[in-house]
file structure.csv (CSV, C-alpha atoms)
chain,number,residue,atom,x,y,z
A,291,MET,CA,-18.0,-2.9,3.8
A,292,VAL,CA,-20.0,-6.0,4.8
A,293,ALA,CA,-22.1,-7.6,2.2
A,294,PRO,CA,-25.9,-7.5,2.9
A,295,ARG,CA,-26.2,-11.3,2.8
A,296,THR,CA,-23.4,-11.5,5.4
A,297,LEU,CA,-25.3,-9.0,7.6
A,298,GLY,CA,-28.3,-11.2,7.5
A,299,LEU,CA,-26.3,-14.1,8.7
A,300,LEU,CA,-24.8,-11.9,11.4
A,301,HIS,CA,-28.2,-10.9,12.8
A,302,LEU,CA,-29.3,-14.5,12.6
A,303,LEU,CA,-26.4,-15.4,14.8
A,304,GLU,CA,-27.1,-12.5,17.1
A,305,ALA,CA,-30.7,-13.4,17.4
A,306,GLN,CA,-30.0,-17.0,18.2
A,307,GLY,CA,-26.7,-16.6,20.1
A,308,GLY,CA,-27.5,-13.5,22.2
A,309,PRO,CA,-28.4,-13.3,25.9
A,310,GLY,CA,-31.5,-15.5,25.5
A,311,LEU,CA,-29.5,-18.5,24.3
A,312,ALA,CA,-26.8,-17.8,26.8
A,313,HIS,CA,-29.2,-18.7,29.6
A,314,PHE,CA,-29.3,-22.2,28.3
A,315,LEU,CA,-25.5,-22.6,27.9
A,316,LEU,CA,-23.7,-23.6,31.0
A,317,HIS,CA,-20.2,-23.0,30.0
A,318,GLU,CA,-17.9,-21.8,27.3
A,319,ALA,CA,-17.4,-25.3,25.7
A,320,GLN,CA,-21.1,-25.5,24.9
A,321,ALA,CA,-21.2,-22.0,23.4
A,322,GLU,CA,-18.1,-22.9,21.3
A,323,ALA,CA,-19.7,-26.1,20.1
A,324,TRP,CA,-22.9,-24.2,19.1
A,325,LEU,CA,-20.8,-21.6,17.2
A,326,ARG,CA,-18.8,-24.4,15.5
A,327,TYR,CA,-22.0,-26.0,14.3
A,328,THR,CA,-23.7,-22.9,13.0
A,329,HIS,CA,-20.6,-21.4,11.4
A,330,SER,CA,-19.8,-24.7,9.7
A,331,ILE,CA,-23.3,-24.7,8.1
A,332,ILE,CA,-22.8,-21.2,6.9
A,333,ARG,CA,-19.4,-22.0,5.5
A,334,LEU,CA,-20.7,-25.1,3.7
A,335,ASN,CA,-23.5,-23.1,2.1
A,336,ASP,CA,-21.4,-20.0,1.2
A,337,PRO,CA,-17.6,-20.3,1.4
A,338,THR,CA,-17.1,-17.0,-0.4
A,339,ARG,CA,-17.9,-14.6,2.4
A,340,PRO,CA,-16.5,-14.1,5.9
A,341,VAL,CA,-18.4,-15.4,8.9
A,342,ILE,CA,-19.0,-12.8,11.5
A,343,GLY,CA,-19.3,-13.7,15.2
A,344,PRO,CA,-21.6,-12.5,17.9
A,345,ASP,CA,-20.6,-9.5,19.9
A,346,GLY,CA,-19.2,-9.2,23.3
A,347,VAL,CA,-16.2,-8.0,25.4
A,348,HIS,CA,-15.8,-11.0,27.7
A,349,ILE,CA,-12.2,-11.4,28.9
A,350,THR,CA,-12.2,-12.8,32.5
A,351,ASP,CA,-15.8,-12.9,33.5
A,352,ARG,CA,-16.2,-16.5,32.2
A,353,ASP,CA,-19.2,-15.5,30.1
A,354,PRO,CA,-20.0,-18.4,27.7
A,355,TRP,CA,-19.4,-16.1,24.8
A,356,SER,CA,-15.7,-15.3,25.4
A,357,ILE,CA,-13.6,-13.5,22.9
A,358,ASP,CA,-11.4,-16.6,22.5
A,359,ALA,CA,-14.3,-18.9,21.8
A,360,ILE,CA,-15.8,-16.5,19.2
A,361,ALA,CA,-12.5,-15.8,17.5
A,362,ALA,CA,-11.7,-19.5,17.1
A,363,GLN,CA,-14.8,-19.9,14.9
A,364,SER,CA,-15.2,-16.5,13.2
A,365,ASP,CA,-13.4,-14.5,10.6
A,366,VAL,CA,-14.5,-11.1,11.9
A,367,MET,CA,-15.3,-9.9,15.4
A,368,THR,CA,-18.0,-7.4,16.4
A,369,VAL,CA,-19.1,-5.2,19.3
A,370,HIS,CA,-22.6,-4.0,20.1
A,371,PRO,CA,-22.1,-1.0,22.4
A,372,TYR,CA,-25.0,1.1,23.6
A,373,CYS,CA,-24.4,4.1,25.8
A,374,PHE,CA,-27.8,5.1,27.1
A,375,ARG,CA,-26.6,7.8,29.4
A,376,SER,CA,-25.9,11.4,28.6
A,377,ALA,CA,-22.5,12.3,27.2
A,378,PHE,CA,-22.6,15.3,29.5
A,379,GLY,CA,-24.0,13.5,32.6
A,380,GLU,CA,-23.0,10.5,34.6
A,381,MET,CA,-20.6,9.1,32.0
A,382,GLY,CA,-19.3,12.4,30.6
A,383,GLY,CA,-16.1,13.4,29.0
A,384,CYS,CA,-13.3,11.4,27.5
A,385,GLU,CA,-14.4,8.0,29.0
A,386,TYR,CA,-17.8,8.3,27.3
A,387,MET,CA,-16.3,9.2,24.0
A,388,SER,CA,-13.7,6.4,24.3
A,389,ARG,CA,-16.2,3.6,25.1
A,390,VAL,CA,-17.0,2.5,21.5
A,391,PRO,CA,-13.5,2.7,19.9
A,392,ALA,CA,-12.0,1.1,23.0
A,393,ALA,CA,-14.4,-1.9,22.7
A,394,CYS,CA,-13.6,-2.4,19.1
A,395,ARG,CA,-9.9,-2.1,19.7
A,396,VAL,CA,-9.8,-4.5,22.7
A,397,VAL,CA,-11.8,-7.2,20.8
A,398,ALA,CA,-9.5,-6.9,17.8
A,399,ASP,CA,-6.3,-7.0,19.9
A,400,LEU,CA,-7.4,-10.0,22.0
A,401,SER,CA,-8.8,-12.0,19.1
A,402,GLY,CA,-6.3,-11.2,16.4
A,403,ARG,CA,-9.2,-10.6,14.0
A,404,PRO,CA,-10.6,-7.5,12.4
A,405,ALA,CA,-13.5,-6.0,14.2
A,406,PHE,CA,-16.3,-3.5,13.6
A,407,VAL,CA,-19.3,-2.0,15.4
A,408,GLU,CA,-22.3,-4.0,14.2
A,409,GLU,CA,-24.8,-1.9,16.2
A,410,HIS,CA,-24.6,1.4,18.1
A,411,ASN,CA,-26.9,4.2,19.2
A,412,VAL,CA,-27.5,7.0,21.7
A,413,ARG,CA,-30.9,8.3,22.6
A,414,LYS,CA,-31.7,11.7,21.3
A,415,SER,CA,-33.5,12.5,24.5
A,416,ASP,CA,-30.1,12.1,26.3
A,417,MET,CA,-27.7,13.4,23.6
A,418,GLY,CA,-29.8,16.2,22.2
A,419,ARG,CA,-30.5,16.9,18.6
A,420,GLY,CA,-28.8,18.8,15.8
A,421,ALA,CA,-25.2,19.9,16.3
A,422,ARG,CA,-24.6,18.0,19.5
A,423,LEU,CA,-25.5,14.6,18.0
A,424,GLU,CA,-23.6,15.5,14.8
A,425,ASP,CA,-20.5,16.4,16.9
A,426,TYR,CA,-20.7,13.1,18.8
A,427,SER,CA,-21.1,11.1,15.6
A,428,ARG,CA,-18.3,12.9,13.8
A,429,ALA,CA,-15.9,12.3,16.7
A,430,LEU,CA,-16.9,8.7,17.0
A,431,LEU,CA,-16.3,8.0,13.3
A,432,TRP,CA,-12.8,9.6,13.4
A,433,ASN,CA,-11.8,7.7,16.5
A,434,LEU,CA,-13.1,4.4,15.1
A,435,TRP,CA,-11.2,5.0,11.9
A,436,ALA,CA,-8.0,5.8,13.8
A,437,THR,CA,-8.2,2.5,15.8
A,438,ASP,CA,-8.7,0.4,12.6
A,439,CYS,CA,-12.3,-0.4,13.3
A,440,ARG,CA,-13.7,-1.6,10.0
A,441,GLY,CA,-17.1,-0.1,10.1
A,442,LEU,CA,-20.1,1.3,12.1
A,443,LEU,CA,-23.7,0.3,11.7
A,444,TRP,CA,-26.2,2.6,13.3
A,445,TRP,CA,-29.5,1.3,14.7
A,446,CYS,CA,-31.6,2.2,13.0
A,447,ALA,CA,-32.8,4.0,9.8
A,448,PHE,CA,-35.9,5.8,11.1
A,449,ASP,CA,-37.3,6.9,14.4
A,450,GLN,CA,-40.0,4.7,15.8
A,451,THR,CA,-42.1,7.5,17.3
A,452,GLY,CA,-45.8,6.8,17.0
A,453,THR,CA,-45.2,3.1,17.0
A,454,VAL,CA,-47.7,1.3,19.3
A,455,MET,CA,-46.5,-2.3,18.9
A,456,SER,CA,-43.9,-4.3,20.9
A,457,PRO,CA,-41.1,-3.6,21.6
A,458,TYR,CA,-41.6,0.1,21.1
A,459,ASN,CA,-44.9,0.4,23.0
A,460,ASN,CA,-43.4,0.5,26.5
A,461,SER,CA,-42.1,3.0,29.0
A,462,TYR,CA,-38.5,2.7,28.0
A,463,PRO,CA,-37.6,5.8,25.9
A,464,CYS,CA,-36.2,4.0,22.8
A,465,GLN,CA,-38.3,5.3,20.0
A,466,GLU,CA,-35.9,8.1,18.8
A,467,LEU,CA,-33.0,5.9,17.5
A,468,GLY,CA,-33.0,6.7,13.8
A,469,VAL,CA,-30.7,8.6,11.6
A,470,PHE,CA,-33.9,9.9,10.0
A,471,THR,CA,-37.0,11.2,11.7
A,472,ARG,CA,-40.3,9.5,11.3
A,473,ASP,CA,-41.1,11.9,8.3
A,474,ARG,CA,-37.7,11.0,6.7
A,475,ARG,CA,-35.7,14.1,7.6
A,476,PRO,CA,-32.0,13.4,8.3
A,477,VAL,CA,-30.6,14.2,11.8
A,478,GLY,CA,-27.1,14.9,13.1
A,479,ASN,CA,-25.7,11.4,12.9
A,480,ALA,CA,-26.9,11.0,9.3
A,481,LEU,CA,-25.2,14.3,8.3
A,482,ALA,CA,-21.9,13.3,10.0
A,483,SER,CA,-22.0,9.9,8.4
A,484,LYS,CA,-22.5,11.3,4.9
A,485,ARG,CA,-19.7,13.8,5.3
A,486,PHE,CA,-17.3,11.2,6.6
A,487,SER,CA,-18.3,8.7,3.9
A,488,ASP,CA,-17.6,11.4,1.3
A,489,PHE,CA,-14.2,12.1,2.9
A,490,LEU,CA,-13.2,8.4,2.8
A,491,ALA,CA,-14.3,8.1,-0.8
A,492,GLY,CA,-12.0,11.0,-1.8
A,493,LEU,CA,-8.9,9.4,-0.4
A,494,ASP,CA,-6.4,7.6,-2.6
A,495,PHE,CA,-5.8,4.8,-0.1
A,496,ARG,CA,-8.2,2.4,1.6
A,497,ALA,CA,-7.0,2.4,5.2
A,498,LEU,CA,-4.6,4.0,7.6
A,499,PRO,CA,-1.4,2.1,8.3
A,500,ALA,CA,-1.5,0.2,11.6
A,501,ALA,CA,-0.6,2.3,14.6
A,502,LYS,CA,2.6,1.2,16.4
A,503,PRO,CA,1.6,0.5,20.0
A,504,ASP,CA,3.7,2.1,22.8
A,505,ALA,CA,2.8,-0.3,25.6
A,506,VAL,CA,0.9,-3.4,26.6
A,507,PHE,CA,-2.1,-2.9,28.9
A,508,PHE,CA,-3.4,-5.9,30.8
A,509,VAL,CA,-7.2,-5.3,31.0
A,510,THR,CA,-10.5,-6.8,32.0
A,511,GLU,CA,-14.1,-5.9,31.3
A,512,LYS,CA,-14.0,-3.2,34.0
A,513,THR,CA,-10.7,-1.5,33.0
A,514,PHE,CA,-10.3,-1.4,29.2
A,515,VAL,CA,-12.4,1.8,28.7
A,516,PRO,CA,-10.7,4.0,31.3
A,517,ALA,CA,-7.3,2.5,30.3
A,518,TYR,CA,-7.9,3.5,26.7
A,519,ALA,CA,-9.2,6.9,27.6
A,520,LEU,CA,-6.3,7.8,29.8
A,521,ALA,CA,-3.7,6.3,27.5
A,522,ARG,CA,-4.9,8.3,24.5
A,523,ARG,CA,-5.0,11.5,26.6
A,524,ALA,CA,-1.3,10.8,27.5
A,525,GLY,CA,-0.4,10.3,23.9
A,526,ILE,CA,0.1,6.5,24.4
A,527,VAL,CA,-1.1,4.0,21.8
A,528,PRO,CA,-2.2,0.9,23.8
A,529,ALA,CA,-2.0,-2.7,22.8
A,530,PHE,CA,-4.6,-4.6,24.9
A,531,GLN,CA,-3.7,-7.9,26.5
A,532,SER,CA,-5.8,-10.5,28.3
A,533,PRO,CA,-4.3,-11.7,31.6
A,534,GLU,CA,-5.3,-15.2,30.5
A,535,HIS,CA,-3.1,-15.0,27.4
A,536,PRO,CA,0.7,-15.6,27.3
A,537,VAL,CA,2.7,-12.5,28.2
A,538,PRO,CA,4.1,-10.7,25.1
A,539,ASP,CA,7.4,-8.9,24.8
A,540,ALA,CA,7.1,-5.2,25.2
A,541,ASP,CA,9.1,-2.1,26.2
A,542,CYS,CA,6.5,-1.1,28.8
A,543,TYR,CA,3.6,-2.7,30.6
A,544,PHE,CA,0.6,-1.1,32.3
A,545,PHE,CA,-1.8,-2.4,35.0
A,546,PRO,CA,-5.0,-0.4,35.1
A,547,ASP,CA,-6.0,-2.4,38.1
A,548,CYS,CA,-3.0,-2.5,40.3
A,549,ALA,CA,-5.0,-3.8,43.3
A,550,GLU,CA,-5.6,-7.1,41.6
A,551,ARG,CA,-2.2,-7.4,39.9
A,552,GLY,CA,-3.8,-7.0,36.5
A,553,ASN,CA,-5.7,-10.2,37.1
A,554,LEU,CA,-2.6,-12.2,36.1
A,555,PRO,CA,-2.5,-15.8,37.4
A,556,HIS,CA,0.7,-16.6,39.4
A,557,HIS,CA,2.6,-18.4,36.6
A,558,ARG,CA,2.0,-15.5,34.2
A,559,TRP,CA,3.0,-13.0,36.9
A,560,GLU,CA,6.4,-14.8,37.2
A,561,VAL,CA,6.9,-14.7,33.4
A,562,LEU,CA,6.2,-11.0,33.4
A,563,LYS,CA,8.7,-10.3,36.2
A,564,GLY,CA,11.3,-12.2,34.2
A,565,LYS,CA,10.6,-10.1,31.1
A,566,VAL,CA,10.8,-6.9,33.2
A,567,ARG,CA,14.1,-7.9,34.7

call {"tool": "encode", "arguments": {"input": "structure.csv", "output": "structure tokens"}}
result
Amino acid sequence: MVAPRTLGLLHLLEAQGGPGLAHFLLHEAQAEAWLRYTHSIIRLNDPTRPVIGPDGVHITDRDPWSIDAIAAQSDVMTVHPYCFRSAFGEMGGCEYMSRVPAACRVVADLSGRPAFVEEHNVRKSDMGRGARLEDYSRALLWNLWATDCRGLLWWCAFDQTGTVMSPYNNSYPCQELGVFTRDRRPVGNALASKRFSDFLAGLDFRALPAAKPDAVFFVTEKTFVPAYALARRAGIVPAFQSPEHPVPDADCYFFPDCAERGNLPHHRWEVLKGKVR
């Protein structure tokens, strides 16, 4: 797991390098320069621990915090997925359950770095309490483990109900985010996490062997989640690929977005056709 001191550095980077700072960065080169500066300071002061980069699945949207820029400066990648909609509502079924492991897997594949979920939550008012939340958490932990995600940090320890200070004193229903209630009683996600932790502690190996991918999937921010969900339902283990990276050798290629030719630029499209021939 991640050392507490490293987690402190992670949240420092997140606080300084999140959406607020992104407004002042005009392009990827500036973001990468800022990362290089801050990460270098961290490495000079503590060369013994890995440096963890800020989160984000940015592939082709030209966000300043692209996966390539973060991976170039970081030892470990992170995702920060929130799914504030009901698992049984608008984003129901397999796509909802696939969103978090898909994000972790696509960031790891595209960066070549290990990745973990540095923050996640669902609202109890959406998900429900008790068995439903426990079922969701158990399924999430198993899917993350199977995709070689290196960890899951839940925000946060305790519910913020009754809190009348910013940012919890507002109309947005985000006070019930804890693994414990306000009076320190564990809820479903705490129970599932404890059982899964005990299970891992009883194994005589530290990690599963890497899954052998069956096909390469060219994905973007819009397509990686449904691509992952449908691939796993079909029994296919996907290897995610950015259309902006060199085309790898593979036995099979998938285009989740056929209308846009997988977002491949023309020269990579010609390379792909040659490999298929």

call {"tool": "closest_residue", "arguments": {"input": "structure.csv", "among": "A:Thr513, A:Val366, A:Asp358, A:Arg522", "to": "A:Asn433", "atoms": "only C-alpha atoms"}}
result
A:Arg522

call {"tool": "atom_distance", "arguments": {"input": "structure.csv", "atom1": "atom CA of A:Arg413", "atom2": "atom CA of A:Leu467"}}
result
6.0 Å

call {"tool": "closest_residue", "arguments": {"input": "structure.csv", "among": "A:Val515, A:Ala321, A:Val509, A:Leu520", "to": "A:Pro533", "atoms": "all atoms listed in the file"}}
result
A:Val509

call {"tool": "residues_around", "arguments": {"input": "structure.csv", "residues": "stretch 443-449 of chain A", "least_positions_apart": "4", "cutoff": "6 Å", "atoms": "only C-alpha atoms", "output": "list of chain:residue names"}}
result
A:Glu408, A:Glu409, A:His410, A:Asn411, A:Gln465, A:Glu466, A:Leu467, A:Gly468, A:Val469, A:Phe470, A:Thr471, A:Arg472

call {"tool": "write_last_selection", "arguments": {"input": "structure.csv", "atoms": "C-alpha atoms", "output": "PDB file, in the frame of the given file"}}
result
ATOM      1  CA  GLU A 408     -22.300  -4.000  14.200  1.00  0.00           C
ATOM      2  CA  GLU A 409     -24.800  -1.900  16.200  1.00  0.00           C
ATOM      3  CA  HIS A 410     -24.600   1.400  18.100  1.00  0.00           C
ATOM      4  CA  ASN A 411     -26.900   4.200  19.200  1.00  0.00           C
ATOM      5  CA  GLN A 465     -38.300   5.300  20.000  1.00  0.00           C
ATOM      6  CA  GLU A 466     -35.900   8.100  18.800  1.00  0.00           C
ATOM      7  CA  LEU A 467     -33.000   5.900  17.500  1.00  0.00           C
ATOM      8  CA  GLY A 468     -33.000   6.700  13.800  1.00  0.00           C
ATOM      9  CA  VAL A 469     -30.700   8.600  11.600  1.00  0.00           C
ATOM     10  CA  PHE A 470     -33.900   9.900  10.000  1.00  0.00           C
ATOM     11  CA  THR A 471     -37.000  11.200  11.700  1.00  0.00           C
ATOM     12  CA  ARG A 472     -40.300   9.500  11.300  1.00  0.00           C
TER      13      ARG A 472
END

call {"tool": "atom_distance", "arguments": {"input": "structure.csv", "atom1": "atom CA of A:Phe406", "atom2": "atom CA of A:Ala362"}}
result
17.0 Å

call {"tool": "residues_around", "arguments": {"input": "structure.csv", "residues": "stretch 473-484 of chain A", "least_positions_apart": "4", "cutoff": "9 Å", "atoms": "only C-alpha atoms", "output": "list of chain:residue names"}}
result
A:Arg419, A:Gly420, A:Ala421, A:Arg422, A:Leu423, A:Glu424, A:Asp425, A:Tyr426, A:Ser427, A:Arg428, A:Leu431, A:Trp444, A:Phe448, A:Asp449, A:Gly468, A:Val469, A:Asp488, A:Phe489

call {"tool": "write_last_selection", "arguments": {"input": "structure.csv", "atoms": "C-alpha atoms", "output": "short mmCIF file (atom, residue, chain, number, x, y, z; two decimals), keeping the file's coordinate frame"}}
result
data_model
loop_
_atom_site.label_atom_id
_atom_site.label_comp_id
_atom_site.auth_asym_id
_atom_site.auth_seq_id
_atom_site.Cartn_x
_atom_site.Cartn_y
_atom_site.Cartn_z
CA ARG A 419 -30.50 16.90 18.60
CA GLY A 420 -28.80 18.80 15.80
CA ALA A 421 -25.20 19.90 16.30
CA ARG A 422 -24.60 18.00 19.50
CA LEU A 423 -25.50 14.60 18.00
CA GLU A 424 -23.60 15.50 14.80
CA ASP A 425 -20.50 16.40 16.90
CA TYR A 426 -20.70 13.10 18.80
CA SER A 427 -21.10 11.10 15.60
CA ARG A 428 -18.30 12.90 13.80
CA LEU A 431 -16.30 8.00 13.30
CA TRP A 444 -26.20 2.60 13.30
CA PHE A 448 -35.90 5.80 11.10
CA ASP A 449 -37.30 6.90 14.40
CA GLY A 468 -33.00 6.70 13.80
CA VAL A 469 -30.70 8.60 11.60
CA ASP A 488 -17.60 11.40 1.30
CA PHE A 489 -14.20 12.10 2.90
#

call {"tool": "residues_around", "arguments": {"input": "structure.csv", "residues": "A:Val341", "least_positions_apart": "3", "cutoff": "7 Å", "atoms": "only C-alpha atoms", "output": "tab-separated table (two decimals) with C-alpha atoms, keeping the file's coordinate frame"}}
result
chain	number	residue	atom	x	y	z
A	329	HIS	CA	-20.60	-21.40	11.40
A	364	SER	CA	-15.20	-16.50	13.20
A	365	ASP	CA	-13.40	-14.50	10.60
A	366	VAL	CA	-14.50	-11.10	11.90

call {"tool": "atom_distance", "arguments": {"input": "structure.csv", "atom1": "atom CA of A:Ala361", "atom2": "atom CA of A:Gly402"}}
result
7.8 Å

call {"tool": "closest_residue", "arguments": {"input": "structure.csv", "among": "A:Asn460, A:Thr368, A:Thr437, A:Asn335", "to": "A:Ser388", "atoms": "all atoms listed in the file"}}
result
A:Thr437

call {"tool": "closest_atom_pairs", "arguments": {"input": "structure.csv", "of": "stretch 453-531 of chain A", "to": "stretch 535-540 of chain A", "cutoff": "12 Å", "atoms": "only C-alpha atoms", "output": "CSV"}}
result
residue,atom,partner,partner_atom,distance
A:Lys502,CA,A:Ala540,CA,11.8
A:Pro503,CA,A:Ala540,CA,9.5
A:Asp504,CA,A:Ala540,CA,8.4
A:Ala505,CA,A:Ala540,CA,6.5
A:Val506,CA,A:Ala540,CA,6.6
A:Phe507,CA,A:Ala540,CA,10.2
A:Phe508,CA,A:Val537,CA,9.4
A:Val509,CA,A:His535,CA,11.1
A:Thr510,CA,A:His535,CA,12.0
A:Pro528,CA,A:Ala540,CA,11.2
A:Ala529,CA,A:Ala540,CA,9.7
A:Phe530,CA,A:Pro538,CA,10.6
A:Gln531,CA,A:His535,CA,7.2

call {"tool": "closest_residue", "arguments": {"input": "structure.csv", "among": "A:Phe514, A:Trp559, A:Trp355, A:Tyr458", "to": "A:Asp399", "atoms": "all atoms listed in the file"}}
result
A:Phe514

call {"tool": "closest_residue", "arguments": {"input": "structure.csv", "among": "A:Met387, A:Met455, A:Ile526, A:Met367", "to": "A:Arg440", "atoms": "only C-alpha atoms"}}
result
A:Met367
